[in-house]
Amino acid sequence: MTYIPALAHPVAVFDAGLGSFDLVRRLRAAYPTQDIIYLADRASFPYGAKSVPDLLHSVARACQTLVVHGASAIVLASNAPSVTVLDELRPRFGIPIFGITPPIRAGLDLLGEDSFLAIAGARVMVESTALRALISAEAGPDAARVVSV
């Protein structure tokens with residue numbers, strides 16, 4: 001196990017890869033004294049071929065590791081687990097866990113009324129009932145203009 005020095009209420013940012021490192025940069029800019037733990041879960045990458053239970057197991061294991069290392073909150077900076085397993089994950093830990101989701105309403109608002117919005121992502125997300133529910137909730141009557149691929 002890698003040694004992590006003592007941190008003061010660190011916030012953890014967790015993703016399957018390095019794509020969310022921009023979030024770390026933005027957190028650092030907004031909160032320059034905040035300790036941040038960054039975890040790129042390369043052992044479980046890619047998420048796309050996983051089932052929802054497998055994804056939940058992988059993400060829960062990573063979150064447990066972050067809690068053991070003192071995370072006071074976790075930002076799950078990946079669309080697939082945020083959409084599909086975040087609600088099941090939150091009650092397992094005694095700290096806040098935040099997720100990110102595709103900006104469906106904002107995307108539709110930027111497009112013309114005759115345009116479509118495509119949400120590209122891991123198969124576990126784009127084929128999920130959770131994404132369909134999110135599209136319905138965010139897009140409302142415009143849900144037919146949202147396509148997941």
# chains A, B, ... in the order shown; residues from 1 in each chain; ligands from 1
$ residues_around --residues "Ala106 in chain A" --least-positions-apart "4" --cutoff "10 Å" --atoms "only C-alpha atoms" --output "NGL selection string"
:A and (102 or 110-111 or 138-139)
$ residues_around --residues "range 57-67 of chain A" --least-positions-apart "5" --cutoff "8 Å" --atoms "only C-alpha atoms" --output "mmCIF file with N, CA and C atoms, in the first residue's frame"
data_model
loop_
_atom_site.group_PDB
_atom_site.id
_atom_site.type_symbol
_atom_site.label_atom_id
_atom_site.label_comp_id
_atom_site.auth_asym_id
_atom_site.auth_seq_id
_atom_site.Cartn_x
_atom_site.Cartn_y
_atom_site.Cartn_z
ATOM 1 N N ALA A 12 -11.840 13.650 -2.032
ATOM 2 C CA ALA A 12 -11.327 12.696 -3.009
ATOM 3 C C ALA A 12 -12.050 12.882 -4.334
ATOM 4 N N PHE A 14 -12.485 10.776 -7.852
ATOM 5 C CA PHE A 14 -12.316 9.400 -8.295
ATOM 6 C C PHE A 14 -12.886 9.233 -9.695
ATOM 7 N N ILE A 37 -7.327 14.108 -2.713
ATOM 8 C CA ILE A 37 -6.823 12.790 -3.075
ATOM 9 C C ILE A 37 -7.406 12.486 -4.451
ATOM 10 N N ASP A 41 -8.915 4.855 -11.160
ATOM 11 C CA ASP A 41 -9.129 3.426 -10.954
ATOM 12 C C ASP A 41 -8.841 2.649 -12.230
ATOM 13 N N SER A 44 -10.021 -1.174 -12.690
ATOM 14 C CA SER A 44 -11.390 -1.514 -13.088
ATOM 15 C C SER A 44 -11.766 -0.969 -14.458
ATOM 16 N N SER A 72 -12.966 12.966 3.301
ATOM 17 C CA SER A 72 -14.126 13.502 4.013
ATOM 18 C C SER A 72 -15.324 13.647 3.084
ATOM 19 N N ILE A 74 -16.337 12.458 -1.360
ATOM 20 C CA ILE A 74 -15.857 11.880 -2.611
ATOM 21 C C ILE A 74 -16.651 12.467 -3.766
ATOM 22 N N PRO A 81 -20.856 5.496 -13.561
ATOM 23 C CA PRO A 81 -21.272 5.131 -12.208
ATOM 24 C C PRO A 81 -22.149 6.195 -11.546
ATOM 25 N N LEU A 89 -24.779 3.513 -3.888
ATOM 26 C CA LEU A 89 -23.481 3.658 -3.245
ATOM 27 C C LEU A 89 -23.528 4.567 -2.018
ATOM 28 N N PHE A 93 -21.547 4.554 2.874
ATOM 29 C CA PHE A 93 -20.426 5.285 3.461
ATOM 30 C C PHE A 93 -20.962 6.450 4.285
#
$ closest_residue --among "A:Ile135, A:Val68, A:Ala118, A:Ala80" --to "Val52 in chain A" --atoms "only C-alpha atoms"
A:Ala80
$ closest_residue --among "A:Phe21, A:Tyr38, A:Tyr31, A:Tyr47" --to "Arg123 in chain A" --atoms "only C-alpha atoms"
A:Tyr47
$ select_by_dssp --residues "chain A" --states "alpha helix (DSSP H)" --output "VMD selection string"
chain A and resid 21 to 30 52 to 68 79 to 84 86 to 89 104 to 110 123 to 126 129 to 139
$ residues_around --residues "Ala40 in chain A" --least-positions-apart "2" --cutoff "9 Å" --atoms "only C-alpha atoms" --output "PyMOL selection string"
chain A and resi 13-18+20+38+42-43
$ atom_distance --atom1 "CA of Pro141 in chain A" --atom2 "CA of Met125 in chain A"
21.5 Å
$ decode --residues "range 40-114 of chain A" --atoms "C-alpha atoms" --output "JSON list (two decimals), in the first residue's frame"
[["chain", "number", "residue", "atom", "x", "y", "z"],
["A", 40, "ALA", "CA", -7.63, 6.90, -11.21],
["A", 41, "ASP", "CA", -9.13, 3.43, -10.95],
["A", 42, "ARG", "CA", -7.18, 1.85, -13.81],
["A", 43, "ALA", "CA", -7.65, -1.62, -12.30],
["A", 44, "SER", "CA", -11.39, -1.51, -13.09],
["A", 45, "PHE", "CA", -11.14, 0.34, -16.39],
["A", 46, "PRO", "CA", -12.98, 0.26, -18.74],
["A", 47, "TYR", "CA", -16.44, 0.49, -17.19],
["A", 48, "GLY", "CA", -18.40, -0.03, -20.42],
["A", 49, "ALA", "CA", -18.51, -3.82, -20.50],
["A", 50, "LYS", "CA", -19.32, -4.20, -16.79],
["A", 51, "SER", "CA", -22.77, -5.07, -15.53],
["A", 52, "VAL", "CA", -24.39, -2.69, -13.05],
["A", 53, "PRO", "CA", -23.60, -5.04, -10.09],
["A", 54, "ASP", "CA", -19.97, -5.35, -11.25],
["A", 55, "LEU", "CA", -19.69, -1.58, -11.60],
["A", 56, "LEU", "CA", -21.18, -1.07, -8.15],
["A", 57, "HIS", "CA", -18.66, -3.53, -6.68],
["A", 58, "SER", "CA", -15.70, -1.81, -8.39],
["A", 59, "VAL", "CA", -16.75, 1.69, -7.42],
["A", 60, "ALA", "CA", -17.60, 0.68, -3.84],
["A", 61, "ARG", "CA", -14.16, -0.91, -3.49],
["A", 62, "ALA", "CA", -12.49, 2.30, -4.68],
["A", 63, "CYS", "CA", -14.64, 4.43, -2.37],
["A", 64, "GLN", "CA", -13.76, 2.20, 0.57],
["A", 65, "THR", "CA", -10.08, 2.73, -0.21],
["A", 66, "LEU", "CA", -10.62, 6.50, -0.25],
["A", 67, "VAL", "CA", -12.49, 6.40, 3.06],
["A", 68, "VAL", "CA", -9.66, 4.36, 4.62],
["A", 69, "HIS", "CA", -7.24, 7.06, 3.48],
["A", 70, "GLY", "CA", -9.28, 9.77, 5.19],
["A", 71, "ALA", "CA", -11.51, 11.22, 2.49],
["A", 72, "SER", "CA", -14.13, 13.50, 4.01],
["A", 73, "ALA", "CA", -16.11, 13.59, 0.76],
["A", 74, "ILE", "CA", -15.86, 11.88, -2.61],
["A", 75, "VAL", "CA", -16.56, 13.26, -6.05],
["A", 76, "LEU", "CA", -17.34, 10.38, -8.38],
["A", 77, "ALA", "CA", -16.18, 12.12, -11.54],
["A", 78, "SER", "CA", -17.46, 9.60, -14.05],
["A", 79, "ASN", "CA", -20.81, 9.64, -15.80],
["A", 80, "ALA", "CA", -21.39, 5.88, -15.95],
["A", 81, "PRO", "CA", -21.27, 5.13, -12.21],
["A", 82, "SER", "CA", -22.81, 8.50, -11.31],
["A", 83, "VAL", "CA", -25.87, 7.69, -13.42],
["A", 84, "THR", "CA", -26.14, 3.97, -12.67],
["A", 85, "VAL", "CA", -24.90, 3.21, -9.13],
["A", 86, "LEU", "CA", -24.51, 6.45, -7.15],
["A", 87, "ASP", "CA", -27.86, 6.14, -5.37],
["A", 88, "GLU", "CA", -27.01, 2.61, -4.19],
["A", 89, "LEU", "CA", -23.48, 3.66, -3.24],
["A", 90, "ARG", "CA", -24.26, 6.66, -1.04],
["A", 91, "PRO", "CA", -25.81, 4.82, 1.94],
["A", 92, "ARG", "CA", -22.77, 2.54, 2.25],
["A", 93, "PHE", "CA", -20.43, 5.29, 3.46],
["A", 94, "GLY", "CA", -20.69, 7.90, 6.19],
["A", 95, "ILE", "CA", -19.45, 10.74, 4.01],
["A", 96, "PRO", "CA", -20.98, 12.77, 1.17],
["A", 97, "ILE", "CA", -20.53, 11.25, -2.28],
["A", 98, "PHE", "CA", -21.20, 13.49, -5.25],
["A", 99, "GLY", "CA", -21.56, 12.46, -8.86],
["A", 100, "ILE", "CA", -21.58, 14.07, -12.25],
["A", 101, "THR", "CA", -24.16, 13.54, -14.96],
["A", 102, "PRO", "CA", -24.45, 14.58, -18.58],
["A", 103, "PRO", "CA", -25.69, 18.19, -18.89],
["A", 104, "ILE", "CA", -28.83, 17.20, -20.77],
["A", 105, "ARG", "CA", -31.01, 20.28, -20.25],
["A", 106, "ALA", "CA", -28.10, 22.67, -20.83],
["A", 107, "GLY", "CA", -27.19, 20.82, -24.03],
["A", 108, "LEU", "CA", -30.73, 20.96, -25.36],
["A", 109, "ASP", "CA", -31.00, 24.65, -24.52],
["A", 110, "LEU", "CA", -27.94, 25.35, -26.68],
["A", 111, "LEU", "CA", -29.41, 23.54, -29.69],
["A", 112, "GLY", "CA", -32.08, 24.54, -32.12],
["A", 113, "GLU", "CA", -35.54, 23.02, -31.63],
["A", 114, "ASP", "CA", -35.03, 20.71, -34.62]]
